[in-house]
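Step one of this worksheet: look at the structure below.
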Amino acid sequence: MMESPIANLFLAIQDRILDQVPEIKYIDQNMGQYLNNEFRNQMLFPALLIDFPTEDFSEMQGLNQFADVSIMVTLFYDVWDHTNSLTPLDIKKEGLKYLEIDQKVFMALQGWHPDFCEPLIRKQSKNHNANETGLRVKEISFSTQYEDYSCDVSATVNLSLRTE
């Protein structure tokens with residue numbers, strides 16, 4: 001396990017999606033790679049990028065803190081199948097499969113949690129259909145909480161007080 005709770009949360013979410021939503025072909029941190037042609041060309045679709053836009057902290061006893069974390073999972077699809085009313089139903093269903101993947105991602109994360117934080121709760125969902133990348137983009141935000149004891153000095157040992 002890493003020192004950073006956010007690093008551990010990223011790895012846990014990545015593993016959860018890999019296990020529960022095999023349709024997702026690429027999972028990474030959201031570093032804006034979808035906006036850069038060179039990096040976007042390295043992505044496989046459907047792709048999911050993970051970000052932690054905000055962390056709010058409140059004080060607990062000593063140097064310990066309670067964290068309220070915002071998680072943004074962003075799905076990217078290269079979808080160009082027809083779904084208009086003149087299209088045969090089987091082709092429309094194929095064109096709507098990305099909505100099924102959206103739902104599977106939600107179901108994989110809603111109420112789930114690694115052992116160091118509270119269950120994830122969906123807060124918002126947004127679509128971006130007319131964007132500069134030509135990709136269909138779905139953002140789903142979740143929240144969770146954890147207690148951060150990383151600065152707890154009572155758990156450290158002062159070696160200078162050791163008697164021989």
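Each chain in the structure tokens gets a letter, A, B and so on, in the order shown; residues start at 1 in every chain, and ligands are counted from 1 in the order they appear.
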
Next on the checklist: I'd like to know which residues of chain A are helix (DSSP H, G or I) (by DSSP, run on the backbone); could you write them as an MDAnalysis selection string?
Outcome noted: chainID A and resid 5:20 33:35 37:40 89:95 97:109 153:155 159:161

Save the residues we just selected, C-alpha atoms, as a short mmCIF file (atom, residue, chain, number, x, y, z; two decimals), in the first residue's frame?
```
data_model
loop_
_atom_site.label_atom_id
_atom_site.label_comp_id
_atom_site.auth_asym_id
_atom_site.auth_seq_id
_atom_site.Cartn_x
_atom_site.Cartn_y
_atom_site.Cartn_z
CA PRO A 5 -4.69 7.73 0.33
CA ILE A 6 -5.52 9.22 -3.09
CA ALA A 7 -2.95 7.03 -4.84
CA ASN A 8 -4.45 4.00 -3.10
CA LEU A 9 -7.96 5.10 -4.05
CA PHE A 10 -6.92 5.55 -7.69
CA LEU A 11 -5.43 2.03 -7.80
CA ALA A 12 -8.50 0.53 -6.10
CA ILE A 13 -10.91 2.21 -8.54
CA GLN A 14 -8.77 1.14 -11.49
CA ASP A 15 -8.82 -2.49 -10.28
CA ARG A 16 -12.56 -2.37 -9.62
CA ILE A 17 -13.35 -1.14 -13.14
CA LEU A 18 -10.98 -3.68 -14.72
CA ASP A 19 -12.77 -6.43 -12.80
CA GLN A 20 -16.38 -5.27 -13.18
CA GLN A 33 -4.49 13.43 -22.58
CA TYR A 34 -7.76 13.33 -24.55
CA LEU A 35 -7.17 16.97 -25.56
CA ASN A 37 -3.75 14.36 -30.46
CA GLU A 38 -0.48 12.56 -29.71
CA PHE A 39 -1.68 11.24 -26.36
CA ARG A 40 -5.28 10.65 -27.50
CA LEU A 89 -33.55 -1.55 -34.23
CA ASP A 90 -30.54 -3.92 -34.12
CA ILE A 91 -28.26 -1.15 -35.43
CA LYS A 92 -29.75 1.39 -32.99
CA LYS A 93 -29.09 -1.00 -30.10
CA GLU A 94 -25.47 -1.32 -31.20
CA GLY A 95 -25.20 2.47 -31.28
CA LYS A 97 -24.20 0.18 -26.13
CA TYR A 98 -22.13 3.00 -24.66
CA LEU A 99 -25.10 3.78 -22.39
CA GLU A 100 -24.94 0.23 -21.05
CA ILE A 101 -21.24 0.73 -20.25
CA ASP A 102 -22.08 4.01 -18.46
CA GLN A 103 -24.56 2.09 -16.32
CA LYS A 104 -22.07 -0.71 -15.57
CA VAL A 105 -19.46 1.81 -14.40
CA PHE A 106 -22.04 3.44 -12.12
CA MET A 107 -23.13 0.07 -10.73
CA ALA A 108 -19.50 -1.00 -10.15
CA LEU A 109 -18.69 2.09 -8.08
CA VAL A 153 3.02 11.49 15.81
CA SER A 154 1.82 9.23 18.63
CA ALA A 155 2.49 6.27 16.34
CA LEU A 159 14.89 6.80 19.10
CA SER A 160 16.81 9.49 21.06
CA LEU A 161 14.90 8.49 24.22
#
```

Next on the checklist: Taking 3 positions as the minimum chain separation for residues in the same chain, which residues sit within 8 Å of range 68-82 of chain A when counting only C-alpha atoms? Answer as a ChimeraX atom specification.
Outcome noted: /A:45-57,87,91-92,94-95,98,102,134-146

Checklist entry - Quick one: distance from CA of Asn36 in chain A to CA of Thr133 in chain A in Å, one decimal? => result 8.8 Å

Next on the checklist: Which residues are close to Ser58 in chain A, i.e. within 10 Å by only C-alpha atoms, leaving aside same-chain residues fewer than 2 positions away? Reply as a PyMOL selection string.
Outcome noted: chain A and resi 56+60+64-68+147

Item to check | Per-residue DSSP, chain A, filtered to strand (DSSP E or B), as an MDAnalysis selection string | outcome: chainID A and resid 26:29 47:59 65:77 121:128 136:148

Checklist outcome for this item: Atom pair CA of Ser4 in chain A + CA of Ser150 in chain A, distance 8.7 Å

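The space between CA of Asn84 in chain A and CA of Val21 in chain A spans 27.1 Å.
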